[in-house]
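J.: Contents of run-v4.pdb (PDB, C-alpha atoms, pLDDT in the B column) are below:
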```pdb
ATOM      1  CA  MET A   1     -44.699  -8.136 -16.815  1.00 62.00           C
ATOM      2  CA  ARG A   2     -45.507  -5.621 -14.056  1.00 71.00           C
ATOM      3  CA  SER A   3     -44.383  -8.049 -11.407  1.00 66.00           C
ATOM      4  CA  ILE A   4     -40.995  -8.406 -13.089  1.00 57.00           C
ATOM      5  CA  ILE A   5     -40.547  -4.612 -13.228  1.00 62.00           C
ATOM      6  CA  ARG A   6     -41.537  -4.170  -9.544  1.00 67.00           C
ATOM      7  CA  CYS A   7     -39.344  -6.989  -8.302  1.00 64.00           C
ATOM      8  CA  ARG A   8     -36.276  -5.643  -6.460  1.00 68.00           C
ATOM      9  CA  ASP A   9     -34.632  -8.973  -5.587  1.00 72.00           C
ATOM     10  CA  GLY A  10     -30.967  -8.805  -6.615  1.00 72.00           C
ATOM     11  CA  ALA A  11     -31.024  -5.093  -7.548  1.00 73.00           C
ATOM     12  CA  ALA A  12     -28.166  -4.287  -5.153  1.00 72.00           C
ATOM     13  CA  LEU A  13     -26.080  -7.082  -6.628  1.00 71.00           C
ATOM     14  CA  VAL A  14     -26.608  -5.819 -10.164  1.00 79.00           C
ATOM     15  CA  GLU A  15     -25.841  -2.231  -9.137  1.00 79.00           C
ATOM     16  CA  PHE A  16     -22.687  -3.344  -7.350  1.00 77.00           C
ATOM     17  CA  ALA A  17     -21.595  -5.346 -10.399  1.00 80.00           C
ATOM     18  CA  ILE A  18     -21.893  -2.172 -12.475  1.00 85.00           C
ATOM     19  CA  VAL A  19     -20.077   0.101  -9.984  1.00 85.00           C
ATOM     20  CA  ALA A  20     -17.457  -2.331  -8.574  1.00 84.00           C
ATOM     21  CA  PRO A  21     -14.998  -2.279 -11.507  1.00 85.00           C
ATOM     22  CA  LEU A  22     -14.926   1.519 -11.498  1.00 85.00           C
ATOM     23  CA  PHE A  23     -14.532   1.620  -7.729  1.00 87.00           C
ATOM     24  CA  LEU A  24     -11.694  -0.915  -7.776  1.00 86.00           C
ATOM     25  CA  ALA A  25      -9.907   0.893 -10.626  1.00 84.00           C
ATOM     26  CA  LEU A  26     -10.174   4.184  -8.720  1.00 85.00           C
ATOM     27  CA  LEU A  27      -8.887   2.533  -5.548  1.00 88.00           C
ATOM     28  CA  PHE A  28      -5.951   0.994  -7.426  1.00 87.00           C
ATOM     29  CA  ALA A  29      -5.124   4.374  -9.031  1.00 85.00           C
ATOM     30  CA  ILE A  30      -5.132   6.037  -5.592  1.00 88.00           C
ATOM     31  CA  PHE A  31      -2.690   3.424  -4.266  1.00 89.00           C
ATOM     32  CA  GLN A  32      -0.443   3.819  -7.317  1.00 89.00           C
ATOM     33  CA  ILE A  33      -0.352   7.621  -6.951  1.00 90.00           C
ATOM     34  CA  ALA A  34       0.482   7.260  -3.251  1.00 93.00           C
ATOM     35  CA  TYR A  35       3.275   4.784  -4.100  1.00 92.00           C
ATOM     36  CA  VAL A  36       4.838   7.174  -6.642  1.00 93.00           C
ATOM     37  CA  PHE A  37       4.434  10.149  -4.295  1.00 95.00           C
ATOM     38  CA  ILE A  38       6.132   8.324  -1.392  1.00 95.00           C
ATOM     39  CA  ALA A  39       8.957   7.082  -3.646  1.00 96.00           C
ATOM     40  CA  GLN A  40       9.518  10.643  -4.931  1.00 97.00           C
ATOM     41  CA  ALA A  41       9.592  12.004  -1.375  1.00 96.00           C
ATOM     42  CA  MET A  42      12.143   9.357  -0.352  1.00 96.00           C
ATOM     43  CA  LEU A  43      14.288  10.188  -3.383  1.00 97.00           C
ATOM     44  CA  GLU A  44      14.141  13.919  -2.582  1.00 97.00           C
ATOM     45  CA  THR A  45      15.229  13.251   1.009  1.00 97.00           C
ATOM     46  CA  THR A  46      18.044  11.008  -0.200  1.00 97.00           C
ATOM     47  CA  ALA A  47      19.219  13.642  -2.699  1.00 97.00           C
ATOM     48  CA  GLU A  48      19.240  16.254   0.043  1.00 97.00           C
ATOM     49  CA  ALA A  49      21.446  14.049   2.244  1.00 97.00           C
ATOM     50  CA  ALA A  50      23.671  13.134  -0.735  1.00 97.00           C
ATOM     51  CA  ALA A  51      24.129  16.809  -1.612  1.00 97.00           C
ATOM     52  CA  ARG A  52      25.157  17.542   1.954  1.00 97.00           C
ATOM     53  CA  VAL A  53      28.071  15.079   1.613  1.00 96.00           C
ATOM     54  CA  ILE A  54      29.508  17.130  -1.280  1.00 97.00           C
ATOM     55  CA  LEU A  55      28.380  20.530   0.063  1.00 96.00           C
ATOM     56  CA  THR A  56      30.305  20.105   3.327  1.00 95.00           C
ATOM     57  CA  GLY A  57      33.447  18.675   1.700  1.00 94.00           C
ATOM     58  CA  GLN A  58      33.052  15.146   3.072  1.00 95.00           C
ATOM     59  CA  ALA A  59      33.236  13.649  -0.423  1.00 95.00           C
ATOM     60  CA  GLN A  60      36.314  15.703  -1.313  1.00 94.00           C
ATOM     61  CA  THR A  61      38.246  14.875   1.872  1.00 93.00           C
ATOM     62  CA  TYR A  62      37.178  11.236   2.187  1.00 93.00           C
ATOM     63  CA  SER A  63      40.057   8.815   2.674  1.00 90.00           C
ATOM     64  CA  GLY A  64      39.640   5.372   1.138  1.00 86.00           C
ATOM     65  CA  THR A  65      41.693   2.331   0.258  1.00 85.00           C
ATOM     66  CA  SER A  66      41.775   0.057  -2.738  1.00 81.00           C
ATOM     67  CA  GLY A  67      43.979  -2.948  -2.075  1.00 83.00           C
ATOM     68  CA  THR A  68      47.189  -1.409  -0.727  1.00 86.00           C
ATOM     69  CA  THR A  69      46.588   2.029  -2.244  1.00 86.00           C
ATOM     70  CA  THR A  70      45.136   4.843  -0.134  1.00 87.00           C
ATOM     71  CA  TYR A  71      43.327   7.650  -1.947  1.00 87.00           C
ATOM     72  CA  THR A  72      41.695  10.949  -1.026  1.00 89.00           C
ATOM     73  CA  GLY A  73      38.265  11.934  -2.281  1.00 92.00           C
ATOM     74  CA  MET A  74      35.290   9.673  -2.896  1.00 94.00           C
ATOM     75  CA  THR A  75      35.374   7.805  -6.166  1.00 94.00           C
ATOM     76  CA  GLN A  76      32.202   7.598  -8.224  1.00 96.00           C
ATOM     77  CA  SER A  77      31.720   4.077  -6.886  1.00 94.00           C
ATOM     78  CA  ASP A  78      32.238   5.204  -3.252  1.00 95.00           C
ATOM     79  CA  TYR A  79      29.710   7.996  -3.688  1.00 96.00           C
ATOM     80  CA  ALA A  80      27.152   5.743  -5.402  1.00 96.00           C
ATOM     81  CA  SER A  81      27.513   3.229  -2.573  1.00 96.00           C
ATOM     82  CA  ALA A  82      27.003   5.966   0.039  1.00 96.00           C
ATOM     83  CA  VAL A  83      23.903   7.301  -1.753  1.00 97.00           C
ATOM     84  CA  CYS A  84      22.555   3.756  -2.113  1.00 96.00           C
ATOM     85  CA  THR A  85      22.963   3.238   1.642  1.00 96.00           C
ATOM     86  CA  MET A  86      21.083   6.494   2.277  1.00 96.00           C
ATOM     87  CA  LEU A  87      18.269   5.409  -0.048  1.00 96.00           C
ATOM     88  CA  LYS A  88      17.937   1.932   1.510  1.00 95.00           C
ATOM     89  CA  ALA A  89      17.797   3.487   5.009  1.00 94.00           C
ATOM     90  CA  ARG A  90      14.843   5.653   3.961  1.00 92.00           C
ATOM     91  CA  SER A  91      13.026   3.276   1.653  1.00 89.00           C
ATOM     92  CA  PRO A  92      13.721  -0.460   1.817  1.00 87.00           C
ATOM     93  CA  PHE A  93      11.380  -1.171  -1.128  1.00 89.00           C
ATOM     94  CA  MET A  94      13.614   0.785  -3.555  1.00 93.00           C
ATOM     95  CA  SER A  95      16.478  -1.097  -5.248  1.00 92.00           C
ATOM     96  CA  CYS A  96      19.928   0.382  -5.808  1.00 94.00           C
ATOM     97  CA  ALA A  97      20.007  -1.295  -9.237  1.00 93.00           C
ATOM     98  CA  ASN A  98      17.498   1.342 -10.433  1.00 94.00           C
ATOM     99  CA  LEU A  99      19.415   4.302  -8.937  1.00 96.00           C
ATOM    100  CA  TYR A 100      21.443   6.672 -11.143  1.00 97.00           C
ATOM    101  CA  ILE A 101      23.533   9.652 -10.023  1.00 97.00           C
ATOM    102  CA  ASP A 102      24.818  12.540 -12.134  1.00 97.00           C
ATOM    103  CA  VAL A 103      27.119  15.119 -10.531  1.00 97.00           C
ATOM    104  CA  THR A 104      28.430  18.048 -12.568  1.00 97.00           C
ATOM    105  CA  THR A 105      30.031  21.390 -11.832  1.00 97.00           C
ATOM    106  CA  VAL A 106      28.947  24.529 -13.666  1.00 97.00           C
ATOM    107  CA  ASP A 107      30.291  28.072 -13.944  1.00 96.00           C
ATOM    108  CA  SER A 108      27.054  29.787 -12.893  1.00 96.00           C
ATOM    109  CA  TYR A 109      23.629  28.886 -11.569  1.00 96.00           C
ATOM    110  CA  ALA A 110      22.159  29.792 -14.965  1.00 95.00           C
ATOM    111  CA  ASP A 111      24.192  26.955 -16.535  1.00 95.00           C
ATOM    112  CA  ALA A 112      22.623  24.305 -14.277  1.00 95.00           C
ATOM    113  CA  THR A 113      20.783  21.521 -16.114  1.00 90.00           C
ATOM    114  CA  THR A 114      17.942  20.321 -13.908  1.00 90.00           C
ATOM    115  CA  GLY A 115      15.583  18.538 -16.314  1.00 89.00           C
ATOM    116  CA  LEU A 116      14.939  14.872 -16.927  1.00 89.00           C
ATOM    117  CA  PRO A 117      17.742  13.228 -18.884  1.00 92.00           C
ATOM    118  CA  THR A 118      17.157  11.103 -21.948  1.00 90.00           C
ATOM    119  CA  LEU A 119      17.930   7.523 -21.032  1.00 91.00           C
ATOM    120  CA  THR A 120      19.651   5.249 -23.509  1.00 91.00           C
ATOM    121  CA  TYR A 121      19.428   1.480 -23.351  1.00 90.00           C
ATOM    122  CA  ASP A 122      21.725  -1.361 -24.352  1.00 90.00           C
ATOM    123  CA  SER A 123      20.608  -4.477 -26.215  1.00 91.00           C
ATOM    124  CA  SER A 124      19.496  -6.180 -22.983  1.00 89.00           C
ATOM    125  CA  GLY A 125      17.254  -3.239 -22.006  1.00 85.00           C
ATOM    126  CA  ALA A 126      19.513  -1.886 -19.241  1.00 88.00           C
ATOM    127  CA  VAL A 127      20.219   1.847 -18.940  1.00 91.00           C
ATOM    128  CA  SER A 128      23.567   2.508 -20.635  1.00 91.00           C
ATOM    129  CA  ASN A 129      24.090   6.236 -19.999  1.00 93.00           C
ATOM    130  CA  SER A 130      27.474   7.280 -18.678  1.00 93.00           C
ATOM    131  CA  TRP A 131      26.916   9.652 -15.778  1.00 96.00           C
ATOM    132  CA  ASN A 132      29.161  12.561 -14.810  1.00 96.00           C
ATOM    133  CA  TYR A 133      30.978  12.657 -11.510  1.00 97.00           C
ATOM    134  CA  ALA A 134      32.584  16.050 -10.910  1.00 96.00           C
ATOM    135  CA  ILE A 135      32.212  16.943  -7.217  1.00 96.00           C
ATOM    136  CA  GLY A 136      34.238  20.162  -7.479  1.00 94.00           C
ATOM    137  CA  THR A 137      36.196  21.947  -4.789  1.00 94.00           C
ATOM    138  CA  GLN A 138      35.500  24.796  -2.387  1.00 95.00           C
ATOM    139  CA  GLY A 139      33.320  27.444  -4.035  1.00 95.00           C
ATOM    140  CA  SER A 140      32.290  25.241  -6.981  1.00 96.00           C
ATOM    141  CA  ILE A 141      28.670  25.266  -8.095  1.00 97.00           C
ATOM    142  CA  VAL A 142      27.519  21.657  -8.241  1.00 97.00           C
ATOM    143  CA  VAL A 143      24.420  20.154  -9.849  1.00 97.00           C
ATOM    144  CA  LEU A 144      23.414  16.819  -8.324  1.00 97.00           C
ATOM    145  CA  ARG A 145      20.709  14.802 -10.076  1.00 97.00           C
ATOM    146  CA  VAL A 146      19.582  11.604  -8.370  1.00 97.00           C
ATOM    147  CA  MET A 147      17.361   9.490 -10.611  1.00 97.00           C
ATOM    148  CA  TYR A 148      15.368   6.357  -9.935  1.00 97.00           C
ATOM    149  CA  VAL A 149      13.505   4.128 -12.385  1.00 95.00           C
ATOM    150  CA  LEU A 150      10.375   3.074 -10.497  1.00 94.00           C
ATOM    151  CA  PRO A 151       8.304   0.148 -11.733  1.00 92.00           C
ATOM    152  CA  VAL A 152       4.608   1.048 -11.906  1.00 90.00           C
ATOM    153  CA  VAL A 153       1.546  -0.945 -12.872  1.00 84.00           C
ATOM    154  CA  GLY A 154      -1.278   0.214 -15.107  1.00 73.00           C
ATOM    155  CA  THR A 155      -4.922  -0.219 -14.171  1.00 69.00           C
ATOM    156  CA  PRO A 156      -7.570  -2.081 -16.142  1.00 68.00           C
ATOM    157  CA  LEU A 157      -9.002   1.229 -17.336  1.00 71.00           C
ATOM    158  CA  GLY A 158      -5.665   2.337 -18.804  1.00 73.00           C
ATOM    159  CA  PHE A 159      -4.492   4.704 -16.048  1.00 75.00           C
ATOM    160  CA  THR A 160      -0.711   4.583 -15.678  1.00 78.00           C
ATOM    161  CA  LEU A 161       1.929   6.872 -14.235  1.00 85.00           C
ATOM    162  CA  GLY A 162       4.712   5.544 -16.460  1.00 86.00           C
ATOM    163  CA  ASN A 163       6.737   8.204 -18.258  1.00 88.00           C
ATOM    164  CA  LEU A 164       9.378   5.848 -19.731  1.00 88.00           C
ATOM    165  CA  SER A 165       7.027   3.100 -20.744  1.00 78.00           C
ATOM    166  CA  THR A 166       3.688   1.994 -19.360  1.00 73.00           C
ATOM    167  CA  THR A 167       5.495  -0.002 -16.667  1.00 87.00           C
ATOM    168  CA  LYS A 168       8.272   2.404 -15.554  1.00 91.00           C
ATOM    169  CA  ARG A 169       8.480   5.952 -14.238  1.00 93.00           C
ATOM    170  CA  LEU A 170      11.664   8.020 -14.037  1.00 95.00           C
ATOM    171  CA  LEU A 171      11.806   9.953 -10.774  1.00 96.00           C
ATOM    172  CA  LEU A 172      14.260  12.854 -10.467  1.00 97.00           C
ATOM    173  CA  ALA A 173      15.529  14.794  -7.461  1.00 97.00           C
ATOM    174  CA  THR A 174      17.875  17.712  -8.179  1.00 97.00           C
ATOM    175  CA  SER A 175      20.028  19.866  -5.926  1.00 97.00           C
ATOM    176  CA  VAL A 176      22.037  22.870  -7.100  1.00 97.00           C
ATOM    177  CA  PHE A 177      24.430  24.293  -4.516  1.00 97.00           C
ATOM    178  CA  LYS A 178      27.799  25.959  -3.898  1.00 97.00           C
ATOM    179  CA  VAL A 179      30.379  23.854  -2.074  1.00 96.00           C
ATOM    180  CA  GLU A 180      31.225  25.353   1.308  1.00 95.00           C
ATOM    181  CA  GLY A 181      34.725  26.001   2.560  1.00 90.00           C
ATOM    182  CA  TYR A 182      36.211  22.924   4.242  1.00 87.00           C
ATOM    183  CA  SER A 183      39.556  21.959   5.698  1.00 81.00           C
ATOM    184  CA  SER A 184      41.513  19.450   3.665  1.00 69.00           C
TER     185      SER A 184
END
```
Could you write out this file's structure as C-alpha cells?

T.:
Amino acid sequence: MRSIIRCRDGAALVEFAIVAPLFLALLFAIFQIAYVFIAQAMLETTAEAAARVILTGQAQTYSGTSGTTTYTGMTQSDYASAVCTMLKARSPFMSCANLYIDVTTVDSYADATTGLPTLTYDSSGAVSNSWNYAIGTQGSIVVLRVMYVLPVVGTPLGFTLGNLSTTKRLLLATSVFKVEGYSS
C-alpha cells in the first residue's frame, strides 16, 4: 500500500485532467469578453462617424435619385446603407442584417432617451421594431442610437455575455448632439 501512495507516475496527467477544463473555460471566457469589447468599440466608432453625417448637414443636404425622381436629404434607407458601409469598413465580421438605427430629435438634452430599447420580435424571430428617422435641421438636438445584435456563445461552465438570450447580446452606441449650421 505504501508503494502505491509513494508512486508519482502519472500524477501530472491527473492534475492536468483536473485543472484543464477550468483553464479552457477561463480561456474561452477571455476570448468571448475580448470579442464583445472589440465589437462594442467598432460600433462606438461607427456611431461617431454616423453622427458626424447628420451633425454637419451631409444627411440633410444629400442629393439622391430614385428612378427618374431626384430628392434632397437622405432617406432612412440611404442613411442605413451609409452606416452599414461605415460598419463593414471597420469590422468585416459584423453583419448589416443585425444593425438597427434609431434617430430622433428632442426639444432639450434632458429629453434624450439613451437607454437600451426593448426589442420586439415577429413570428419568425426577427426584430420587428419600427425605428425613428428624424434627422432634424440646423440647431436641432438629435439622439442617434446605433444598435447591433451580436451572437455570443456560452461556455461549458455557464458563463455567457448574452443580454437578450444566452446566445445574443444587444450592443448600443449613442450620440446626442446639436446639428451645426450648414449651407443648403

J.: I need the output of the PyMOL selection byres ((chain A and resi 15-28) around 12) for this file as a list in words; which residues are they?

T.: Arg8, Asp9, Gly10, Ala11, Ala12, Leu13, Val14, Ala29, Ile30, Phe31, Gln32, Ile33, Ala34, Tyr35, Val152, Val153, Gly154, Thr155, Pro156, Leu157, Gly158, Phe159, Thr160 and Leu161 of chain A

J.: CA of Asp78 in chain A and CA of Glu180 in chain A, how far apart in Å?

T.: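 About the pair CA of Glu180 in chain A and CA of Asp78 in chain A: they are 20.7 Å apart.
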
J.: Which residues would end up in the selection if the PyMOL selection byres ((chain A and resi 43) around 9) were applied here, given that I need the answer as a list in words?

T.: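 For this structure, the PyMOL selection byres ((chain A and resi 43) around 9) resolves to Ile38, Ala39, Gln40, Ala41, Met42, Glu44, Thr45, Thr46, Ala47, Glu48, Leu87, Arg90, Ser91, Val146, Met147, Tyr148, Leu171, Leu172 and Ala173 of chain A.
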
J.: Just to be explicit: take each residue in the selection above, keep C-alpha atoms, and write the result as a PDB file, in the coordinates of the input.

T.:
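Contents of selection32.pdb, freshly written:
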```pdb
ATOM      1  CA  ILE A  38       6.132   8.324  -1.392  1.00 95.00           C
ATOM      2  CA  ALA A  39       8.957   7.082  -3.646  1.00 96.00           C
ATOM      3  CA  GLN A  40       9.518  10.643  -4.931  1.00 97.00           C
ATOM      4  CA  ALA A  41       9.592  12.004  -1.375  1.00 96.00           C
ATOM      5  CA  MET A  42      12.143   9.357  -0.352  1.00 96.00           C
ATOM      6  CA  GLU A  44      14.141  13.919  -2.582  1.00 97.00           C
ATOM      7  CA  THR A  45      15.229  13.251   1.009  1.00 97.00           C
ATOM      8  CA  THR A  46      18.044  11.008  -0.200  1.00 97.00           C
ATOM      9  CA  ALA A  47      19.219  13.642  -2.699  1.00 97.00           C
ATOM     10  CA  GLU A  48      19.240  16.254   0.043  1.00 97.00           C
ATOM     11  CA  LEU A  87      18.269   5.409  -0.048  1.00 96.00           C
ATOM     12  CA  ARG A  90      14.843   5.653   3.961  1.00 92.00           C
ATOM     13  CA  SER A  91      13.026   3.276   1.653  1.00 89.00           C
ATOM     14  CA  VAL A 146      19.582  11.604  -8.370  1.00 97.00           C
ATOM     15  CA  MET A 147      17.361   9.490 -10.611  1.00 97.00           C
ATOM     16  CA  TYR A 148      15.368   6.357  -9.935  1.00 97.00           C
ATOM     17  CA  LEU A 171      11.806   9.953 -10.774  1.00 96.00           C
ATOM     18  CA  LEU A 172      14.260  12.854 -10.467  1.00 97.00           C
ATOM     19  CA  ALA A 173      15.529  14.794  -7.461  1.00 97.00           C
TER      20      ALA A 173
END
```

J.: Using all atoms listed in the file and a cutoff of 6 Å, can you tell me which residues are near (39.0, 12.3, 1.6) in the file's coordinates, and write them out as a list in words?

T.: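 Answer for this query, in the requested form: Gln60, Thr61, Tyr62, Ser63, Thr72 and Gly73 of chain A.
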
J.: Taking all atoms of range 24-43 of chain A that appear in the file, build a box with edges along x, y and z, extend it by 4 Å on every side, and state its centre and edge lengths in Å to one decimal, as AutoDock Vina command-line options.

T.:
```
--center_x 1.3 --center_y 5.5 --center_z -5.5 --size_x 34.0 --size_y 20.9 --size_z 18.3
```

J.: Between A:Leu144, A:Val36, A:Ala51, A:Leu150, which has the minimum distance to Val106 in chain A (counting only C-alpha atoms)?

T.: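 Residue with the minimum atom-to-atom distance to Val106 in chain A: A:Leu144.
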
J.: What is the CA of Ala82 in chain A-CA of Thr174 in chain A distance in Å, reported with one decimal?

T.: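 Interatomic distance, CA of Ala82 in chain A to CA of Thr174 in chain A: 17.0 Å.
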
J.: Counting all atoms listed in the file, figure out which residue out of A:Tyr71, A:Phe93, A:Tyr79, A:Tyr182 gets nearest to Gln138 in chain A.

T.: A:Tyr182

J.: Considering all atoms listed in the file, can you say which of A:Thr65, A:Ser124, A:Asn132, A:Ser175 comes closest to Ala80 in chain A?

T.: A:Asn132

J.: Of the residues A:Lys88, A:Lys168, A:Arg2, A:Lys178, which is the one nearest to Thr105 in chain A, using only C-alpha atoms?

T.: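 Of A:Lys88, A:Lys168, A:Arg2, A:Lys178, the one nearest Thr105 in chain A is A:Lys178, counting only C-alpha atoms.
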
J.: So what do you get for CA of Thr137 in chain A versus CA of Tyr100 in chain A, distance-wise?

T.: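 Straight-line distance from CA of Thr137 in chain A to CA of Tyr100 in chain A works out to 22.2 Å.
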
J.: Near Gly181 in chain A, within 10 Å and counting all atoms listed in the file, which residues show up once chain neighbours fewer than 4 positions away are dropped, as a list in words?

T.: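 Contacts, in chain order: Leu55, Thr56, Gly57, Thr137, Gln138, Gly139 and Ser140 of chain A.
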
J.: Store the residues picked out above, limited to C-alpha atoms, as a short mmCIF file (atom, residue, chain, number, x, y, z; two decimals), in the coordinates of the input.

T.:
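New file selection02.cif:
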```cif
data_model
loop_
_atom_site.label_atom_id
_atom_site.label_comp_id
_atom_site.auth_asym_id
_atom_site.auth_seq_id
_atom_site.Cartn_x
_atom_site.Cartn_y
_atom_site.Cartn_z
CA LEU A 55 28.38 20.53 0.06
CA THR A 56 30.30 20.10 3.33
CA GLY A 57 33.45 18.68 1.70
CA THR A 137 36.20 21.95 -4.79
CA GLN A 138 35.50 24.80 -2.39
CA GLY A 139 33.32 27.44 -4.04
CA SER A 140 32.29 25.24 -6.98
#
```

J.: Evaluate the PyMOL selection byres ((chain A and resi 131) around 7) on the structure here and hand back the selected residues as a ChimeraX atom specification.

T.: /A:101-102,129-130,132-133

J.: Under the rule that all atoms listed in the file are counted, which of A:Ser183, A:Ser123, A:Thr118, A:Asn98 is the nearest residue to Val149 in chain A?

T.: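 Result for the nearest residue to Val149 in chain A: A:Asn98.
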
J.: So that I can check the surroundings of Val143 in chain A, please list as a VMD selection string every protein, DNA and RNA residue that reaches within 7 Å of it, counting only C-alpha atoms and ignoring chain neighbours fewer than 2 positions away.

T.: chain A and resid 103 to 105 112 141 145 175 to 177

J.: Nearest to Pro151 in chain A: which of A:Ala110, A:Leu116, A:Ala134, A:Met94 is it, counting only C-alpha atoms?

T.: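 Ranking A:Ala110, A:Leu116, A:Ala134, A:Met94 by distance to Pro151 in chain A, first place goes to A:Met94.
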
J.: Mind writing range 83-94 of chain A to a file for me, with N, CA, C and O atoms, as a PDB file, in the first residue's frame?

T.:
```pdb
ATOM      1  N   VAL A  83     -24.460  53.931 -43.008  1.00  0.00           N
ATOM      2  CA  VAL A  83     -23.969  53.450 -41.712  1.00  0.00           C
ATOM      3  C   VAL A  83     -23.463  52.015 -41.838  1.00  0.00           C
ATOM      4  O   VAL A  83     -22.432  51.653 -41.267  1.00  0.00           O
ATOM      5  N   CYS A  84     -24.158  51.206 -42.617  1.00  0.00           N
ATOM      6  CA  CYS A  84     -23.728  49.821 -42.844  1.00  0.00           C
ATOM      7  C   CYS A  84     -22.346  49.795 -43.499  1.00  0.00           C
ATOM      8  O   CYS A  84     -21.484  49.011 -43.109  1.00  0.00           O
ATOM      9  N   THR A  85     -22.145  50.663 -44.481  1.00  0.00           N
ATOM     10  CA  THR A  85     -20.837  50.749 -45.150  1.00  0.00           C
ATOM     11  C   THR A  85     -19.750  51.152 -44.155  1.00  0.00           C
ATOM     12  O   THR A  85     -18.647  50.598 -44.172  1.00  0.00           O
ATOM     13  N   MET A  86     -20.067  52.081 -43.271  1.00  0.00           N
ATOM     14  CA  MET A  86     -19.104  52.502 -42.241  1.00  0.00           C
ATOM     15  C   MET A  86     -18.766  51.342 -41.319  1.00  0.00           C
ATOM     16  O   MET A  86     -17.610  51.148 -40.952  1.00  0.00           O
ATOM     17  N   LEU A  87     -19.784  50.580 -40.923  1.00  0.00           N
ATOM     18  CA  LEU A  87     -19.574  49.445 -40.021  1.00  0.00           C
ATOM     19  C   LEU A  87     -18.718  48.375 -40.689  1.00  0.00           C
ATOM     20  O   LEU A  87     -17.773  47.862 -40.089  1.00  0.00           O
ATOM     21  N   LYS A  88     -19.026  48.028 -41.939  1.00  0.00           N
ATOM     22  CA  LYS A  88     -18.278  46.984 -42.648  1.00  0.00           C
ATOM     23  C   LYS A  88     -16.823  47.400 -42.873  1.00  0.00           C
ATOM     24  O   LYS A  88     -15.934  46.553 -42.887  1.00  0.00           O
ATOM     25  N   ALA A  89     -16.564  48.698 -43.042  1.00  0.00           N
ATOM     26  CA  ALA A  89     -15.191  49.181 -43.217  1.00  0.00           C
ATOM     27  C   ALA A  89     -14.376  49.008 -41.939  1.00  0.00           C
ATOM     28  O   ALA A  89     -13.175  48.767 -41.987  1.00  0.00           O
ATOM     29  N   ARG A  90     -15.030  49.111 -40.791  1.00  0.00           N
ATOM     30  CA  ARG A  90     -14.339  48.996 -39.508  1.00  0.00           C
ATOM     31  C   ARG A  90     -14.280  47.567 -38.996  1.00  0.00           C
ATOM     32  O   ARG A  90     -13.374  47.198 -38.285  1.00  0.00           O
ATOM     33  N   SER A  91     -15.304  46.790 -39.303  1.00  0.00           N
ATOM     34  CA  SER A  91     -15.408  45.456 -38.727  1.00  0.00           C
ATOM     35  C   SER A  91     -16.065  44.494 -39.712  1.00  0.00           C
ATOM     36  O   SER A  91     -17.291  44.366 -39.725  1.00  0.00           O
ATOM     37  N   PRO A  92     -15.277  43.822 -40.528  1.00  0.00           N
ATOM     38  CA  PRO A  92     -15.853  42.927 -41.532  1.00  0.00           C
ATOM     39  C   PRO A  92     -16.583  41.721 -40.962  1.00  0.00           C
ATOM     40  O   PRO A  92     -17.355  41.087 -41.657  1.00  0.00           O
ATOM     41  N   PHE A  93     -16.391  41.392 -39.680  1.00  0.00           N
ATOM     42  CA  PHE A  93     -17.078  40.233 -39.104  1.00  0.00           C
ATOM     43  C   PHE A  93     -18.487  40.579 -38.615  1.00  0.00           C
ATOM     44  O   PHE A  93     -19.232  39.695 -38.206  1.00  0.00           O
ATOM     45  N   MET A  94     -18.884  41.854 -38.673  1.00  0.00           N
ATOM     46  CA  MET A  94     -20.220  42.252 -38.233  1.00  0.00           C
ATOM     47  C   MET A  94     -21.135  42.388 -39.453  1.00  0.00           C
ATOM     48  O   MET A  94     -20.766  42.996 -40.443  1.00  0.00           O
TER      49      MET A  94
END
```
